[in-house]
file query-v3.pdb (PDB, C-alpha atoms)
ATOM      1  CA  MET A  19      31.788 157.740 192.097
ATOM      2  CA  ILE A  20      33.035 154.885 189.894
ATOM      3  CA  LEU A  21      33.465 151.414 191.385
ATOM      4  CA  LYS A  22      36.203 149.194 189.947
ATOM      5  CA  VAL A  23      35.234 145.541 189.679
ATOM      6  CA  PRO A  24      38.121 143.088 190.181
ATOM      7  CA  ASP A  25      38.967 140.929 187.160
ATOM      8  CA  TYR A  26      38.445 137.335 188.290
ATOM      9  CA  MET A  27      38.842 135.786 184.851
ATOM     10  CA  ALA A  28      41.935 133.628 184.491
ATOM     11  CA  LYS A  29      44.246 134.482 181.613
ATOM     12  CA  SER A  30      44.415 131.587 179.154
ATOM     13  CA  SER A  31      48.210 131.871 179.022
ATOM     14  CA  LYS A  32      48.359 131.243 182.792
ATOM     15  CA  ILE A  33      46.241 128.068 182.756
ATOM     16  CA  LYS A  34      48.288 124.872 182.680
ATOM     17  CA  LEU A  35      47.114 122.576 179.899
ATOM     18  CA  ALA A  36      46.150 119.176 181.337
ATOM     19  CA  ASN A  37      45.760 116.625 178.557
ATOM     20  CA  ALA A  38      42.858 114.181 178.928
ATOM     21  CA  LEU A  39      44.982 111.281 177.610
ATOM     22  CA  ASP A  40      48.143 111.877 179.642
ATOM     23  CA  LYS A  41      47.731 108.679 181.662
ATOM     24  CA  TYR A  42      47.693 106.561 178.494
ATOM     25  CA  PHE A  43      50.892 108.025 177.072
ATOM     26  CA  PRO A  44      53.963 107.824 179.275
ATOM     27  CA  THR A  45      56.817 109.573 177.511
ATOM     28  CA  HIS A  46      59.177 107.356 175.528
ATOM     29  CA  PRO A  47      62.070 108.077 173.179
ATOM     30  CA  LYS A  48      61.547 108.365 169.431
ATOM     31  CA  SER A  49      63.731 105.291 168.863
ATOM     32  CA  ASN A  50      61.021 103.082 170.375
ATOM     33  CA  LEU A  51      58.402 103.993 167.786
ATOM     34  CA  SER A  52      56.875 101.130 165.810
ATOM     35  CA  THR A  53      57.200 101.141 162.024
ATOM     36  CA  ASN A  54      53.792  99.440 161.688
ATOM     37  CA  ILE A  55      51.581 101.620 163.891
ATOM     38  CA  ASP A  56      52.343 104.132 166.609
ATOM     39  CA  PHE A  57      50.699 107.044 168.394
ATOM     40  CA  GLN A  58      52.154 110.208 169.853
ATOM     41  CA  LEU A  59      50.149 112.480 172.125
ATOM     42  CA  VAL A  60      50.705 116.168 171.374
ATOM     43  CA  ARG A  61      50.856 117.479 174.919
ATOM     44  CA  HIS A  62      51.388 121.162 174.200
ATOM     45  CA  ASN A  63      48.546 121.414 171.727
ATOM     46  CA  LYS A  64      48.209 125.056 170.587
ATOM     47  CA  ILE A  65      45.108 125.830 168.491
ATOM     48  CA  ASN A  66      43.655 129.264 167.795
ATOM     49  CA  GLN A  67      40.498 129.811 165.787
ATOM     50  CA  VAL A  68      40.324 132.990 163.702
ATOM     51  CA  ALA A  69      36.782 134.004 162.711
ATOM     52  CA  ILE A  70      36.431 136.734 160.075
ATOM     53  CA  TRP A  71      33.596 139.229 159.819
ATOM     54  CA  PRO A  72      31.930 138.712 156.389
ATOM     55  CA  ALA A  73      32.548 142.274 155.213
ATOM     56  CA  LYS A  74      36.242 142.157 156.188
ATOM     57  CA  ILE A  75      37.529 139.247 154.103
ATOM     58  CA  SER A  76      39.578 141.536 151.798
ATOM     59  CA  GLU A  77      41.289 143.157 154.804
ATOM     60  CA  PHE A  78      42.054 139.699 156.183
ATOM     61  CA  GLN A  79      43.617 138.717 152.855
ATOM     62  CA  LYS A  80      45.865 141.785 152.950
ATOM     63  CA  TYR A  81      46.941 140.931 156.502
ATOM     64  CA  ILE A  82      47.731 137.326 155.554
ATOM     65  CA  LYS A  83      49.889 138.414 152.624
ATOM     66  CA  THR A  84      52.154 140.341 155.014
ATOM     67  CA  GLN A  85      52.832 137.177 157.057
ATOM     68  CA  LYS A  86      54.777 135.161 154.447
ATOM     69  CA  ILE A  87      52.366 132.220 154.488
ATOM     70  CA  THR A  88      52.933 129.589 151.791
ATOM     71  CA  GLY A  89      49.921 127.905 150.208
ATOM     72  CA  ASP A  90      46.389 128.814 149.148
ATOM     73  CA  PHE A  91      44.921 129.870 152.501
ATOM     74  CA  LEU A  92      41.482 130.575 150.952
ATOM     75  CA  ARG A  93      40.972 126.968 149.801
ATOM     76  CA  PRO A  94      39.077 124.899 152.396
ATOM     77  CA  GLY A  95      41.138 122.147 153.991
ATOM     78  CA  VAL A  96      44.519 123.167 152.524
ATOM     79  CA  VAL A  97      47.099 123.336 155.316
ATOM     80  CA  CYS A  98      49.379 126.344 154.732
ATOM     81  CA  GLN A  99      52.710 126.906 156.464
ATOM     82  CA  PHE A 100      54.272 129.946 158.086
ATOM     83  CA  GLU A 101      57.327 129.827 160.341
ATOM     84  CA  LYS A 102      56.719 126.654 162.429
ATOM     85  CA  ALA A 103      52.923 126.984 162.466
ATOM     86  CA  SER A 104      50.080 125.893 160.177
ATOM     87  CA  LEU A 105      46.963 127.702 158.937
ATOM     88  CA  VAL A 106      43.904 125.960 157.500
ATOM     89  CA  ARG A 107      40.406 127.075 156.527
ATOM     90  CA  VAL A 108      37.974 124.843 158.455
ATOM     91  CA  GLU A 109      34.684 126.663 157.744
ATOM     92  CA  PRO A 110      33.570 129.406 155.307
ATOM     93  CA  LEU A 111      34.768 132.265 157.540
ATOM     94  CA  LYS A 112      36.930 130.379 160.058
ATOM     95  CA  TRP A 113      40.565 129.308 160.080
ATOM     96  CA  TRP A 114      42.516 127.178 162.538
ATOM     97  CA  VAL A 115      46.038 128.245 163.454
ATOM     98  CA  ILE A 116      48.001 125.260 164.773
ATOM     99  CA  ARG A 117      51.248 125.518 166.784
ATOM    100  CA  ASP A 118      51.317 129.308 166.607
ATOM    101  CA  LYS A 119      53.784 129.960 169.430
ATOM    102  CA  ASN A 120      54.397 133.550 168.280
ATOM    103  CA  GLN A 121      50.669 134.409 168.046
ATOM    104  CA  ILE A 122      50.955 136.236 164.751
ATOM    105  CA  PHE A 123      47.240 137.029 164.729
ATOM    106  CA  LYS A 124      47.424 138.818 168.064
ATOM    107  CA  SER A 125      47.887 142.134 166.240
ATOM    108  CA  LEU A 126      44.879 141.531 163.975
ATOM    109  CA  SER A 127      42.178 144.129 164.649
ATOM    110  CA  GLU A 128      38.971 142.908 166.302
ATOM    111  CA  ASP A 129      37.129 144.890 163.638
ATOM    112  CA  VAL A 130      38.446 142.339 161.133
ATOM    113  CA  ALA A 131      38.374 139.079 163.102
ATOM    114  CA  THR A 132      38.059 137.492 166.509
ATOM    115  CA  VAL A 133      40.642 135.013 167.816
ATOM    116  CA  LEU A 134      39.572 132.211 170.141
ATOM    117  CA  ASP A 135      41.978 129.849 171.943
ATOM    118  CA  LEU A 136      40.757 126.246 171.480
ATOM    119  CA  SER A 137      43.845 124.573 172.946
ATOM    120  CA  HIS A 138      41.950 123.242 175.973
ATOM    121  CA  SER A 139      39.022 122.003 173.882
ATOM    122  CA  PHE A 140      40.785 119.404 171.728
ATOM    123  CA  VAL A 141      43.174 116.485 172.166
ATOM    124  CA  GLN A 142      45.617 115.909 169.293
ATOM    125  CA  LEU A 143      47.092 112.532 168.390
ATOM    126  CA  GLU A 144      49.768 111.858 165.769
ATOM    127  CA  ILE A 145      49.295 108.471 164.098
ATOM    128  CA  SER A 146      52.205 107.047 162.112
ATOM    129  CA  GLY A 147      53.389 103.789 160.616
ATOM    130  CA  ALA A 148      52.532 101.536 157.682
ATOM    131  CA  TYR A 149      49.110 100.658 159.109
ATOM    132  CA  ALA A 150      48.089 104.160 160.225
ATOM    133  CA  SER A 151      45.516 104.748 157.479
ATOM    134  CA  ARG A 152      44.238 101.174 157.802
ATOM    135  CA  VAL A 153      43.529 101.625 161.512
ATOM    136  CA  LEU A 154      41.798 104.949 160.887
ATOM    137  CA  SER A 155      39.686 103.466 158.072
ATOM    138  CA  HIS A 156      37.939 101.284 160.660
ATOM    139  CA  HIS A 157      36.483 104.390 162.271
ATOM    140  CA  VAL A 158      36.235 107.410 159.942
ATOM    141  CA  PRO A 159      34.004 107.536 156.811
ATOM    142  CA  VAL A 160      36.678 109.148 154.619
ATOM    143  CA  ASP A 161      38.408 107.842 151.496
ATOM    144  CA  MET A 162      42.056 108.071 152.561
ATOM    145  CA  ARG A 163      43.625 107.038 149.275
ATOM    146  CA  ASP A 164      46.221 109.430 147.862
ATOM    147  CA  LYS A 165      44.082 110.591 144.944
ATOM    148  CA  ASN A 166      41.179 111.608 147.212
ATOM    149  CA  PHE A 167      42.994 112.717 150.366
ATOM    150  CA  ALA A 168      46.131 114.599 149.381
ATOM    151  CA  LYS A 169      48.972 115.236 151.792
ATOM    152  CA  ASN A 170      48.787 118.444 153.807
ATOM    153  CA  THR A 171      44.978 118.392 153.751
ATOM    154  CA  LEU A 172      42.554 118.614 156.679
ATOM    155  CA  VAL A 173      38.911 117.477 156.736
ATOM    156  CA  THR A 174      36.124 117.573 159.278
ATOM    157  CA  THR A 175      34.608 114.120 159.679
ATOM    158  CA  SER A 176      33.126 111.903 162.368
ATOM    159  CA  LEU A 177      34.480 109.128 164.539
ATOM    160  CA  HIS A 178      31.625 107.100 166.048
ATOM    161  CA  HIS A 179      29.213 110.038 165.648
ATOM    162  CA  VAL A 180      31.649 112.531 167.220
ATOM    163  CA  ALA A 181      32.893 115.400 165.027
ATOM    164  CA  VAL A 182      36.697 115.302 164.659
ATOM    165  CA  LYS A 183      39.276 116.898 162.404
ATOM    166  CA  LEU A 184      41.678 114.695 160.466
ATOM    167  CA  TRP A 185      44.878 116.147 158.989
ATOM    168  CA  ARG A 186      47.148 114.187 156.683
ATOM    169  CA  SER A 187      50.614 115.683 156.950
ATOM    170  CA  TYR A 188      53.648 114.536 154.981
ATOM    171  CA  ASP A 189      54.779 111.857 157.429
ATOM    172  CA  CYS A 190      51.778 111.027 159.647
ATOM    173  CA  TRP A 191      48.096 111.596 160.396
ATOM    174  CA  HIS A 192      46.840 114.048 163.027
ATOM    175  CA  ILE A 193      43.444 113.616 164.622
ATOM    176  CA  PHE A 194      41.853 116.368 166.730
ATOM    177  CA  MET A 195      39.227 114.993 169.114
ATOM    178  CA  PRO A 196      36.946 116.975 171.449
ATOM    179  CA  ARG A 197      38.427 116.724 174.928
ATOM    180  CA  SER A 198      35.236 115.400 176.538
ATOM    181  CA  TYR A 199      35.084 112.420 174.141
ATOM    182  CA  SER A 200      38.804 111.790 173.722
ATOM    183  CA  GLU A 201      39.179 108.989 176.264
ATOM    184  CA  SER A 202      36.352 106.846 174.884
ATOM    185  CA  LEU A 203      37.493 107.486 171.294
ATOM    186  CA  TRP A 204      41.066 106.553 172.181
ATOM    187  CA  GLN A 205      39.843 103.239 173.653
ATOM    188  CA  LEU A 206      38.159 102.396 170.340
ATOM    189  CA  ILE A 207      41.241 103.317 168.287
ATOM    190  CA  PHE A 208      43.529 101.454 170.690
ATOM    191  CA  GLU A 209      41.525  98.221 170.439
ATOM    192  CA  THR A 210      41.705  98.390 166.646
ATOM    193  CA  ALA A 211      45.447  99.153 166.667
ATOM    194  CA  GLU A 212      46.126  96.049 168.780
ATOM    195  CA  GLN A 213      45.026  93.935 165.793
ATOM    196  CA  TYR A 214      47.935  95.462 163.844
ATOM    197  CA  GLY A 215      50.561  94.828 166.496
ATOM    198  CA  TYR A 216      50.341  98.022 168.544
ATOM    199  CA  SER A 217      51.691  97.621 172.059
ATOM    200  CA  PRO A 218      51.945 100.778 174.178
TER
END

call {"tool": "encode", "arguments": {"input": "query-v3.pdb", "output": "C-alpha cells"}}
result
Amino acid sequence: MILKVPDYMAKSSKIKLANALDKYFPTHPKSNLSTNIDFQLVRHNKINQVAIWPAKISEFQKYIKTQKITGDFLRPGVVCQFEKASLVRVEPLKWWVIRDKNQIFKSLSEDVATVLDLSHSFVQLEISGAYASRVLSHHVPVDMRDKNFAKNTLVTTSLHHVAVKLWRSYDCWHIFMPRSYSESLWQLIFETAEQYGYSP
C-alpha cells in the first residue's frame, strides 16, 4: 500500500509579496519626483536566480541564444536585455533575471540549471536625480564615475558591512538590499539624502 503525503508547501506564485519598506513609501505620482534626489520603491520586485551546473555551460549558452537576448551575457556585471526583463551574471555560474514576468527560464531543464525565486529576499530601490550618485557615495565603497562604472552595469558591494547589489541603469541607480537589513539601511540613506534636499 502506498500512502500519499499532502503537499503543504505554499507555491511561490500564490504568496503575496509584502515589501519591508512599504510604510516609508506612500504612492505618489511621477510628477512629484524631485530633480535633485528621489527614491522609488519597486513593490513588485521579481528576481530569479539561475545557477548553472559547471559541465552544462555550453548547453546554457545555446539556450540563451534562442531567447533573443541583447548584450554579452557571459561578461560579469553586464546587464543584458530581453523583452522587458534583464539578465546579469552575478557570480561565476549564477545569473540574476530581473523583472521576468514571462519566466523564460521555466522551460530550462534542471539537468542544465536550477532556478530559484529571490523576490521575497531582496528590497529594490530606484534612486534618481542629480545627487543620486553623491548620496550613494557616502555609503558604498565603489568608484561611480562614468569611466569606472559604465551604464547598464551591476556590481556586488557593501553598504555598512551588508552585501548589496548596485545597478547603474541609463536613467537611475537600482540598489538591491537584503530584506532583513533593508529598514536600517534605508534609514541611513534617508538621513544622508536629507542633506541634499530630499523630503518624502

call {"tool": "atom_distance", "arguments": {"input": "query-v3.pdb", "atom1": "CA of Thr84 in chain A", "atom2": "CA of Gln121 in chain A"}}
result
14.4 Å

call {"tool": "resolve_selection", "arguments": {"input": "query-v3.pdb", "expression": "the PyMOL selection byres ((chain A and resi 207-213) around 8)", "output": "PyMOL selection string"}}
result
chain A and resi 55+153-154+156-157+203-206+214-217

call {"tool": "atom_distance", "arguments": {"input": "query-v3.pdb", "atom1": "CA of Ala73 in chain A", "atom2": "CA of Arg107 in chain A"}}
result
17.2 Å

call {"tool": "closest_residue", "arguments": {"input": "query-v3.pdb", "among": "A:Gln142, A:Ser151, A:Gln85, A:Ser127", "to": "Asn63 in chain A", "atoms": "only C-alpha atoms"}}
result
A:Gln142

call {"tool": "resolve_selection", "arguments": {"input": "query-v3.pdb", "expression": "the PyMOL selection byres ((chain A and resi 178-184) around 9)", "output": "list in words"}}
result
Val108, His157, Val158, Thr171, Leu172, Val173, Thr174, Thr175, Ser176, Leu177, Trp185, Arg186, Trp191, His192, Ile193, Phe194, Met195, Pro196, Tyr199 and Leu203 of chain A

call {"tool": "closest_residue", "arguments": {"input": "query-v3.pdb", "among": "A:Ile122, A:Ile65, A:Leu111, A:Ser200", "to": "Lys86 in chain A", "atoms": "only C-alpha atoms"}}
result
A:Ile122

call {"tool": "closest_residue", "arguments": {"input": "query-v3.pdb", "among": "A:Glu128, A:Asp135, A:Trp113, A:Lys74", "to": "Cys98 in chain A", "atoms": "only C-alpha atoms"}}
result
A:Trp113

call {"tool": "atom_distance", "arguments": {"input": "query-v3.pdb", "atom1": "CA of Asp129 in chain A", "atom2": "CA of Ile87 in chain A"}}
result
21.8 Å

call {"tool": "closest_residue", "arguments": {"input": "query-v3.pdb", "among": "A:Val141, A:Val97, A:Ala168, A:Ala148", "to": "Asp40 in chain A", "atoms": "only C-alpha atoms"}}
result
A:Val141

call {"tool": "residues_near_point", "arguments": {"input": "query-v3.pdb", "point": "(38.4, 145.3, 157.6)", "cutoff": "10 Å", "atoms": "only C-alpha atoms", "output": "list in words"}}
result
Ile70, Trp71, Pro72, Ala73, Lys74, Ile75, Ser76, Glu77, Phe78, Gln79, Lys80, Tyr81, Leu126, Ser127, Glu128, Asp129, Val130 and Ala131 of chain A

call {"tool": "closest_residue", "arguments": {"input": "query-v3.pdb", "among": "A:Leu105, A:Ala36, A:Val115, A:Ala150", "to": "Cys190 in chain A", "atoms": "all atoms listed in the file"}}
result
A:Ala150

call {"tool": "closest_residue", "arguments": {"input": "query-v3.pdb", "among": "A:Ile82, A:Leu143, A:Val68, A:Met162", "to": "Leu39 in chain A", "atoms": "all atoms listed in the file"}}
result
A:Leu143

call {"tool": "resolve_selection", "arguments": {"input": "query-v3.pdb", "expression": "the PyMOL selection byres ((chain A and resi 136) around 7)", "output": "list in words"}}
result
Ile65, Asn66, Gln67, Leu134, Asp135, Ser137, His138, Ser139 and Phe140 of chain A

call {"tool": "build_atoms", "arguments": {"input": "query-v3.pdb", "residues": "range 160-176 of chain A", "atoms": "N, CA, C and O atoms", "output": "short mmCIF file (atom, residue, chain, number, x, y, z; two decimals), keeping the file's coordinate frame"}}
result
data_model
loop_
_atom_site.label_atom_id
_atom_site.label_comp_id
_atom_site.auth_asym_id
_atom_site.auth_seq_id
_atom_site.Cartn_x
_atom_site.Cartn_y
_atom_site.Cartn_z
N VAL A 160 35.94 108.30 155.56
CA VAL A 160 36.68 109.15 154.62
C VAL A 160 37.52 108.25 153.72
O VAL A 160 38.14 107.29 154.20
N ASP A 161 37.54 108.56 152.43
CA ASP A 161 38.41 107.84 151.50
C ASP A 161 39.82 108.39 151.66
O ASP A 161 40.10 109.53 151.28
N MET A 162 40.72 107.60 152.23
CA MET A 162 42.06 108.07 152.56
C MET A 162 43.10 107.72 151.52
O MET A 162 44.30 107.84 151.76
N ARG A 163 42.67 107.30 150.35
CA ARG A 163 43.62 107.04 149.28
C ARG A 163 44.25 108.34 148.79
O ARG A 163 43.63 109.40 148.87
N ASP A 164 45.46 108.24 148.26
CA ASP A 164 46.22 109.43 147.86
C ASP A 164 45.46 110.35 146.91
O ASP A 164 45.50 111.57 147.03
N LYS A 165 44.74 109.77 145.95
CA LYS A 165 44.08 110.59 144.94
C LYS A 165 42.91 111.39 145.51
O LYS A 165 42.51 112.40 144.94
N ASN A 166 42.34 110.93 146.63
CA ASN A 166 41.18 111.61 147.21
C ASN A 166 41.49 112.36 148.50
O ASN A 166 40.69 113.19 148.94
N PHE A 167 42.62 112.04 149.11
CA PHE A 167 42.99 112.72 150.37
C PHE A 167 44.48 113.06 150.25
O PHE A 167 45.34 112.32 150.68
N ALA A 168 44.74 114.20 149.64
CA ALA A 168 46.13 114.60 149.38
C ALA A 168 46.86 114.93 150.67
O ALA A 168 46.24 115.26 151.69
N LYS A 169 48.17 114.86 150.63
CA LYS A 169 48.97 115.24 151.79
C LYS A 169 48.83 116.73 152.06
O LYS A 169 48.60 117.52 151.16
N ASN A 170 48.95 117.07 153.33
CA ASN A 170 48.79 118.44 153.81
C ASN A 170 47.36 118.96 153.59
O ASN A 170 47.14 120.11 153.22
N THR A 171 46.40 118.06 153.84
CA THR A 171 44.98 118.39 153.75
C THR A 171 44.30 118.04 155.06
O THR A 171 44.65 117.05 155.71
N LEU A 172 43.31 118.85 155.45
CA LEU A 172 42.55 118.61 156.68
C LEU A 172 41.07 118.56 156.34
O LEU A 172 40.58 119.37 155.56
N VAL A 173 40.36 117.58 156.93
CA VAL A 173 38.91 117.48 156.74
C VAL A 173 38.22 117.37 158.09
O VAL A 173 38.82 116.92 159.07
N THR A 174 36.97 117.80 158.11
CA THR A 174 36.12 117.57 159.28
C THR A 174 35.29 116.34 158.99
O THR A 174 34.65 116.25 157.94
N THR A 175 35.33 115.37 159.88
CA THR A 175 34.61 114.12 159.68
C THR A 175 34.05 113.66 161.03
O THR A 175 34.01 114.44 161.98
N SER A 176 33.64 112.42 161.10
CA SER A 176 33.13 111.90 162.37
C SER A 176 33.81 110.60 162.73
O SER A 176 34.25 109.85 161.86
#
